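A.B. asks: My structure is below; once you've seen it, I'll send some questions.
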Amino acid sequence: MKMLNKTLTIGLILSLLSLHVLAQIPRIVEKDGRHALLVDGKPFFILGGQAHNSSGWPGMMPELFSAVKTMHLNTVEIPIYWEQVEAKPGKFNFSLVDTLLAQARAHQVRLVILWFGTWKNGSNHYMPEWMKREAAKYPNITGSKGQAIDSPSPIAKTTLEADIKAFTQVMHHLKQADPQHTVIMVQVENEAGAWGSVRDYSPAAQKLFQAAVPPQLLQPEVLNSLNVPVVASGTWQQVFGDRADEYFQAWYVASFIGKVAAAGKAEYPLPMYVNCALREPFSNPTADTYESGGPTDNVIPIWKAAAPVIDLLAPDIYLQGSKKILKVIELYDRPNNALFVPEAALSFANAKYLYEVIGRGGIGFSPFGIDANVPEGQPAETSERLAPFSRDYVVIAPMIRVLSEWAFEGKIKTAIEREDHAEQTIDVGTWKAVVSFGSTRANADQVNREPNGKIMIVQLDTNKFILIGSLCHITFQPARQHTGSAWQYLKVEEGNYENGIFKPLRILNGDETDFGGPRFGAGPIVLQAELITR
Ligand code: DGJ
């Protein structure tokens, strides 16, 4: 009897422990259209960096983690490879996953694992050799003229089953090996879809294309959001007209990945996302000009209907120019889609979008290629190469938890410099914040050479703000009932955050705050400013 009681007590403790682990599992929450990724139960904004594609090997760790340290990031995005995890059919090897977990813990960062499975940039290049050798069993798609396309078929059950089996093992292993949630999110596949053909035209695909559109896609809210007339039934061509080929491909790619993700989540329900090779966001181009079938902005409703288990669809930002990039950010920031930028070019021009994503209540941002493999014309020296983001990360990282909470609460507004360098006025309650772009008092009228200025304005109280930024000036004007009143700074302090508390370094006054200031130089700083009307 005593023995039985002891066994029951141990069993109870174990299940409570496992419940606790599951209760603290990272998850995404939404409030008033903003999102937070909860890690250890609290909002956690990913200050990320993605490794190069072939950097998930033990020999690459020193270089990678030296970049991690230089950059002050809190999360590394790193691939794991199907061809390595299951080099022999049914024989799984997680030694590289374990290496990544150990390295990340030793360097006190979290991981986003990228599952390079069936799709990598639209191709099957990370499939195990034993699959590549059996092309008939694990087929690629066929082009409209019968030509071979270097892209796996989204309708091949054999491939789907094999991917489900492998990914399930990955998630099973993570559940066992990572009770402390070093891994906070998983990317399922990489830039799925097809280059070189809008869809699969194989005989099997043709049969499906001539069949009826699945009922989930015929829901009025889905058809409305696709700007398609609501109908009760029809073939792909009948319902979707000239976008039928692309929508067909999107449906089957999304359904495939949704099933892989669902099987993985059944093992261990970490947040999961799918990244996207974008299309030009303004001109509604045809799908032969971009990767067809991936979650481009025009097919987001199809992805949501086909793969509801996927937490979010994420834009990889390699476009240029603030108009296009801000449009893309807007398109992927939806109440049902947390904003996360898993890849962006590692450039000074892109650091300002980190501010935009924080200000919108997004969950993370990550430039691509933080370890070497230096592109032509870029500095070989690590700290110089990483400076576009490390300059901001070093300032933001110590306060990221409190910043994530403010972002989720909607307390942050941002101003991002556009190519015309135009001044911006931001409404912050009974004040208007006027932001102009340039950083020297002597040349106060001189704008920045490149449009890289940015600022985050956190409203702590009616008259109290935290200001973080670079390459800009900010000044205030009393607004609403105080419009026209005289005003001044009561106190402006430069400092930093430690454990959620502002630690002042000095009080700024005189040249540092007069003449339309304070102003922010090339290196971002954190200010706490209190204002009064008089
Ligand atoms: C986007 C892909 O998702 C990445 O894996 C990588 O191939 C980059 N492009 C290359 O710049």
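Letters A, B, ... mark the chains of the structure tokens in the order given; residue numbers begin at 1 per chain; ligand numbers begin at 1, in order shown.
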Extract, using only C-alpha atoms, all DNA, RNA and protein residues at most 10 Å from Gln237 in chain A, discarding same-chain residues fewer than 6 positions from it, and format them as JSON, numbers by chain.
C.D. replies: {"A": [209, 210, 211, 212, 213, 243, 244, 245, 247, 248]}
A.B. asks: Show me which residues sit within 6 Å of ligand 1 when counting only C-alpha atoms and all ligand atoms, and put them as a list in words.
C.D. replies: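 Those within range of ligand 1 are Asn53, Asn121, Asn190 and Glu191 of chain A.
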A.B. asks: How would the residues just picked look written out with C-alpha atoms as a PDB file, in the first residue's frame?
C.D. replies:
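This is the output file out.pdb:
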```pdb
ATOM      1  CA  ASN A  53      22.424  28.047 -44.993  1.00  0.00           C
ATOM      2  CA  ASN A 121      13.882  28.089 -51.818  1.00  0.00           C
ATOM      3  CA  ASN A 190      12.064  27.355 -46.297  1.00  0.00           C
ATOM      4  CA  GLU A 191      10.549  29.644 -48.910  1.00  0.00           C
TER       5      GLU A 191
END
```
A.B. asks: Please compute the CA of Trp251 in chain A-CA of Gln50 in chain A distance, one decimal, in Å.
C.D. replies: 28.1 Å
A.B. asks: Got a sec to tell me which of range 219-445 of chain A DSSP assigns to strand (DSSP E), as JSON, numbers by chain?
C.D. replies: {"A": [272, 273, 274, 275, 276, 277, 312, 313, 314, 315, 316, 317, 340, 341, 343, 344, 364, 365, 412, 413, 414, 415, 416, 424, 425, 426, 427, 428, 431, 432, 433, 434, 435, 436, 437]}
A.B. asks: Excluding range 496-507 of chain A and any residue of its chain fewer than 2 positions from it, enumerate the residues within 10 Å of it, using only C-alpha atoms, and give them as a PyMOL selection string.
C.D. replies: chain A and resi 395-403+466+491-494+509+512+525-529
A.B. asks: Can you work out which one of A:Pro518, A:Pro478, A:Pro271, A:Gly196 has the shortest atom-to-atom distance to Ile184 in chain A, counting only C-alpha atoms?
C.D. replies: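 Closest residue, counting only C-alpha atoms: A:Pro271.
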A.B. asks: Within 12 Å of range 286-295 of chain A, which residues of range 301-379 of chain A show up? Give each one with its shortest atom-to-atom distance in Å (one decimal) and the two atoms involved, counting only C-alpha atoms, rows by chain then rising residue number, as JSON lines.
C.D. replies:
```
{"residue": "A:Pro301", "atom": "CA", "partner": "A:Pro295", "partner_atom": "CA", "distance": 9.0}
{"residue": "A:Ile302", "atom": "CA", "partner": "A:Pro295", "partner_atom": "CA", "distance": 8.4}
{"residue": "A:Trp303", "atom": "CA", "partner": "A:Pro295", "partner_atom": "CA", "distance": 6.4}
{"residue": "A:Lys304", "atom": "CA", "partner": "A:Pro295", "partner_atom": "CA", "distance": 9.3}
{"residue": "A:Ala305", "atom": "CA", "partner": "A:Pro295", "partner_atom": "CA", "distance": 11.8}
{"residue": "A:Ala306", "atom": "CA", "partner": "A:Pro295", "partner_atom": "CA", "distance": 11.1}
{"residue": "A:Ala307", "atom": "CA", "partner": "A:Pro295", "partner_atom": "CA", "distance": 10.8}
{"residue": "A:Ile310", "atom": "CA", "partner": "A:Pro295", "partner_atom": "CA", "distance": 11.4}
{"residue": "A:Leu312", "atom": "CA", "partner": "A:Pro295", "partner_atom": "CA", "distance": 10.0}
{"residue": "A:Leu313", "atom": "CA", "partner": "A:Pro295", "partner_atom": "CA", "distance": 6.6}
{"residue": "A:Ala314", "atom": "CA", "partner": "A:Pro295", "partner_atom": "CA", "distance": 8.1}
{"residue": "A:Pro315", "atom": "CA", "partner": "A:Pro295", "partner_atom": "CA", "distance": 8.5}
{"residue": "A:Asp316", "atom": "CA", "partner": "A:Pro295", "partner_atom": "CA", "distance": 10.8}
{"residue": "A:Leu331", "atom": "CA", "partner": "A:Pro295", "partner_atom": "CA", "distance": 11.4}
{"residue": "A:Tyr332", "atom": "CA", "partner": "A:Pro295", "partner_atom": "CA", "distance": 10.0}
{"residue": "A:Asn337", "atom": "CA", "partner": "A:Pro295", "partner_atom": "CA", "distance": 11.9}
```
A.B. asks: Write the residues of the preceding selection, restricted to N, CA and C atoms, as a PDB file, in the first residue's frame.
C.D. replies:
```pdb
ATOM      1  N   PRO A 301      -4.977  34.567 -47.600  1.00  0.00           N
ATOM      2  CA  PRO A 301      -6.232  33.914 -47.179  1.00  0.00           C
ATOM      3  C   PRO A 301      -6.265  32.421 -47.548  1.00  0.00           C
ATOM      4  N   ILE A 302      -5.622  32.049 -48.656  1.00  0.00           N
ATOM      5  CA  ILE A 302      -5.589  30.633 -49.046  1.00  0.00           C
ATOM      6  C   ILE A 302      -4.746  29.849 -48.039  1.00  0.00           C
ATOM      7  N   TRP A 303      -3.614  30.410 -47.668  1.00  0.00           N
ATOM      8  CA  TRP A 303      -2.751  29.754 -46.671  1.00  0.00           C
ATOM      9  C   TRP A 303      -3.471  29.619 -45.328  1.00  0.00           C
ATOM     10  N   LYS A 304      -4.179  30.660 -44.925  1.00  0.00           N
ATOM     11  CA  LYS A 304      -4.871  30.604 -43.624  1.00  0.00           C
ATOM     12  C   LYS A 304      -5.945  29.515 -43.641  1.00  0.00           C
ATOM     13  N   ALA A 305      -6.630  29.365 -44.807  1.00  0.00           N
ATOM     14  CA  ALA A 305      -7.689  28.344 -44.899  1.00  0.00           C
ATOM     15  C   ALA A 305      -7.092  26.948 -44.980  1.00  0.00           C
ATOM     16  N   ALA A 306      -5.979  26.805 -45.693  1.00  0.00           N
ATOM     17  CA  ALA A 306      -5.415  25.467 -45.914  1.00  0.00           C
ATOM     18  C   ALA A 306      -4.586  24.990 -44.728  1.00  0.00           C
ATOM     19  N   ALA A 307      -3.961  25.926 -44.018  1.00  0.00           N
ATOM     20  CA  ALA A 307      -3.024  25.525 -42.956  1.00  0.00           C
ATOM     21  C   ALA A 307      -3.258  26.339 -41.690  1.00  0.00           C
ATOM     22  N   ILE A 310      -0.618  26.699 -38.820  1.00  0.00           N
ATOM     23  CA  ILE A 310       0.568  27.556 -38.902  1.00  0.00           C
ATOM     24  C   ILE A 310       0.263  28.873 -38.180  1.00  0.00           C
ATOM     25  N   LEU A 312       1.943  31.760 -38.146  1.00  0.00           N
ATOM     26  CA  LEU A 312       2.094  33.004 -38.900  1.00  0.00           C
ATOM     27  C   LEU A 312       2.862  32.783 -40.185  1.00  0.00           C
ATOM     28  N   LEU A 313       2.607  33.702 -41.115  1.00  0.00           N
ATOM     29  CA  LEU A 313       3.296  33.730 -42.407  1.00  0.00           C
ATOM     30  C   LEU A 313       4.222  34.943 -42.364  1.00  0.00           C
ATOM     31  N   ALA A 314       5.467  34.742 -42.790  1.00  0.00           N
ATOM     32  CA  ALA A 314       6.469  35.762 -42.488  1.00  0.00           C
ATOM     33  C   ALA A 314       7.214  36.217 -43.748  1.00  0.00           C
ATOM     34  N   PRO A 315       7.352  37.534 -43.924  1.00  0.00           N
ATOM     35  CA  PRO A 315       8.022  38.061 -45.117  1.00  0.00           C
ATOM     36  C   PRO A 315       9.545  38.087 -44.966  1.00  0.00           C
ATOM     37  N   ASP A 316      10.253  37.569 -45.963  1.00  0.00           N
ATOM     38  CA  ASP A 316      11.717  37.699 -46.038  1.00  0.00           C
ATOM     39  C   ASP A 316      11.989  38.967 -46.836  1.00  0.00           C
ATOM     40  N   LEU A 331       1.203  44.567 -44.961  1.00  0.00           N
ATOM     41  CA  LEU A 331       0.429  43.438 -45.496  1.00  0.00           C
ATOM     42  C   LEU A 331       0.512  42.179 -44.608  1.00  0.00           C
ATOM     43  N   TYR A 332       1.641  42.025 -43.926  1.00  0.00           N
ATOM     44  CA  TYR A 332       1.811  40.821 -43.092  1.00  0.00           C
ATOM     45  C   TYR A 332       1.482  41.076 -41.621  1.00  0.00           C
ATOM     46  N   ASN A 337      -2.323  37.414 -37.966  1.00  0.00           N
ATOM     47  CA  ASN A 337      -0.961  37.090 -38.414  1.00  0.00           C
ATOM     48  C   ASN A 337       0.054  37.987 -37.707  1.00  0.00           C
TER      49      ASN A 337
END
```
A.B. asks: Here is a test: counting only C-alpha atoms, which residue of A:Arg391, A:His125, A:His172, A:Lys157 is nearest to Tyr138 in chain A?
C.D. replies: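 That would be A:Lys157, the residue with the smallest distance to Tyr138 in chain A.
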A.B. asks: Write out as a ChimeraX atom specification each polymer residue whose atoms come within 12 Å of Val29 in chain A, counting only C-alpha atoms; drop sequence neighbours fewer than 6 positions from it.
C.D. replies: /A:35-39,41-44,271,311-312,335-339,361-363,408-409
A.B. asks: Go through range 356-525 of chain A and collect every residue that DSSP, computed from the backbone, puts in helix (DSSP H, G or I); the answer should be as a PyMOL selection string.
C.D. replies: chain A and resi 356-359+382-409+480-482+510-512
A.B. asks: Within 9 Å of Leu47 in chain A, counting only C-alpha atoms, which residues show up once you throw out same-chain ones fewer than 6 positions away? Write them as number ranges by chain, please.
C.D. replies: A: 72-76, 354, 364-366, 393, 396-397, 400
A.B. asks: Taking N, CA and C atoms for each residue, export the selection above as a short mmCIF file (atom, residue, chain, number, x, y, z; two decimals), in the first residue's frame.
C.D. replies:
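File written: selection05.cif
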```cif
data_model
loop_
_atom_site.label_atom_id
_atom_site.label_comp_id
_atom_site.auth_asym_id
_atom_site.auth_seq_id
_atom_site.Cartn_x
_atom_site.Cartn_y
_atom_site.Cartn_z
N HIS A 72 25.10 40.99 -30.10
CA HIS A 72 24.21 41.19 -28.94
C HIS A 72 22.79 40.72 -29.22
N LEU A 73 22.64 39.72 -30.05
CA LEU A 73 21.27 39.27 -30.32
C LEU A 73 20.79 38.34 -29.20
N ASN A 74 19.49 38.14 -29.15
CA ASN A 74 18.97 37.24 -28.12
C ASN A 74 18.48 35.92 -28.71
N THR A 75 18.47 35.80 -30.03
CA THR A 75 17.97 34.58 -30.67
C THR A 75 18.73 34.32 -31.97
N VAL A 76 19.13 33.08 -32.17
CA VAL A 76 19.78 32.70 -33.43
C VAL A 76 18.79 31.86 -34.24
N LEU A 354 13.43 47.40 -38.09
CA LEU A 354 13.35 46.77 -36.77
C LEU A 354 12.46 47.62 -35.85
N GLY A 364 9.36 39.91 -33.83
CA GLY A 364 10.80 39.75 -34.01
C GLY A 364 11.30 40.20 -35.36
N PHE A 365 12.62 40.31 -35.43
CA PHE A 365 13.29 40.76 -36.65
C PHE A 365 14.65 40.10 -36.70
N SER A 366 15.06 39.70 -37.90
CA SER A 366 16.32 38.97 -37.99
C SER A 366 17.01 39.19 -39.33
N TYR A 393 21.10 46.67 -31.49
CA TYR A 393 20.89 45.56 -30.56
C TYR A 393 21.60 45.81 -29.22
N ILE A 396 19.34 48.04 -27.31
CA ILE A 396 17.98 47.55 -27.07
C ILE A 396 17.98 46.24 -26.26
N ALA A 397 19.00 45.40 -26.47
CA ALA A 397 18.99 44.07 -25.85
C ALA A 397 18.79 44.11 -24.32
N ILE A 400 15.09 44.57 -23.59
CA ILE A 400 14.15 43.99 -24.55
C ILE A 400 12.88 43.47 -23.88
#
```
A.B. asks: Between A:Phe465, A:Gln481, A:Thr513, A:Pro139, single out the one closest to Glu530 in chain A, counting only C-alpha atoms.
C.D. replies: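 Selected residue with least distance to Glu530 in chain A: A:Phe465.
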A.B. asks: Could you list, as a ChimeraX atom specification, every residue within 10 Å of Ala387 in chain A, counting only C-alpha atoms and ignoring same-chain residues fewer than 4 positions away?
C.D. replies: /A:70-71,346-348,351,382-383,391-394,523
A.B. asks: Show which residues sit within 10 Å of Ile257 in chain A, as a PyMOL selection string. Count only C-alpha atoms, and ignore same-chain residues fewer than 2 positions away.
C.D. replies: chain A and resi 118-119+154+160+163-164+188-189+192+252-255+259-263+273-274+303+306-307+309-310
A.B. asks: Go ahead and dump the residues you just picked, C-alpha atoms, as a short mmCIF file (atom, residue, chain, number, x, y, z; two decimals), in the first residue's frame.
C.D. replies:
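Output file again.cif is given in full below:
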```cif
data_model
loop_
_atom_site.label_atom_id
_atom_site.label_comp_id
_atom_site.auth_asym_id
_atom_site.auth_seq_id
_atom_site.Cartn_x
_atom_site.Cartn_y
_atom_site.Cartn_z
CA THR A 118 10.84 19.14 -48.61
CA TRP A 119 11.30 22.76 -49.75
CA PRO A 154 3.02 19.31 -53.24
CA LEU A 160 4.34 14.19 -47.49
CA ASP A 163 8.35 14.65 -44.29
CA ILE A 164 5.70 14.12 -41.62
CA VAL A 188 8.52 24.71 -41.34
CA GLU A 189 10.35 24.35 -44.70
CA ALA A 192 8.24 26.92 -50.23
CA TYR A 252 -1.56 22.33 -52.27
CA VAL A 253 1.74 23.71 -50.95
CA ALA A 254 -0.06 25.18 -47.91
CA SER A 255 -2.06 21.98 -47.31
CA LYS A 259 -0.10 18.67 -42.40
CA VAL A 260 3.63 18.52 -41.63
CA ALA A 261 3.24 21.27 -39.01
CA ALA A 262 0.15 19.65 -37.47
CA ALA A 263 1.97 16.35 -37.04
CA TYR A 273 5.71 29.74 -39.15
CA VAL A 274 6.30 29.69 -42.89
CA TRP A 303 -2.75 29.75 -46.67
CA ALA A 306 -5.42 25.47 -45.91
CA ALA A 307 -3.02 25.52 -42.96
CA VAL A 309 -2.23 25.29 -37.66
CA ILE A 310 0.57 27.56 -38.90
#
```
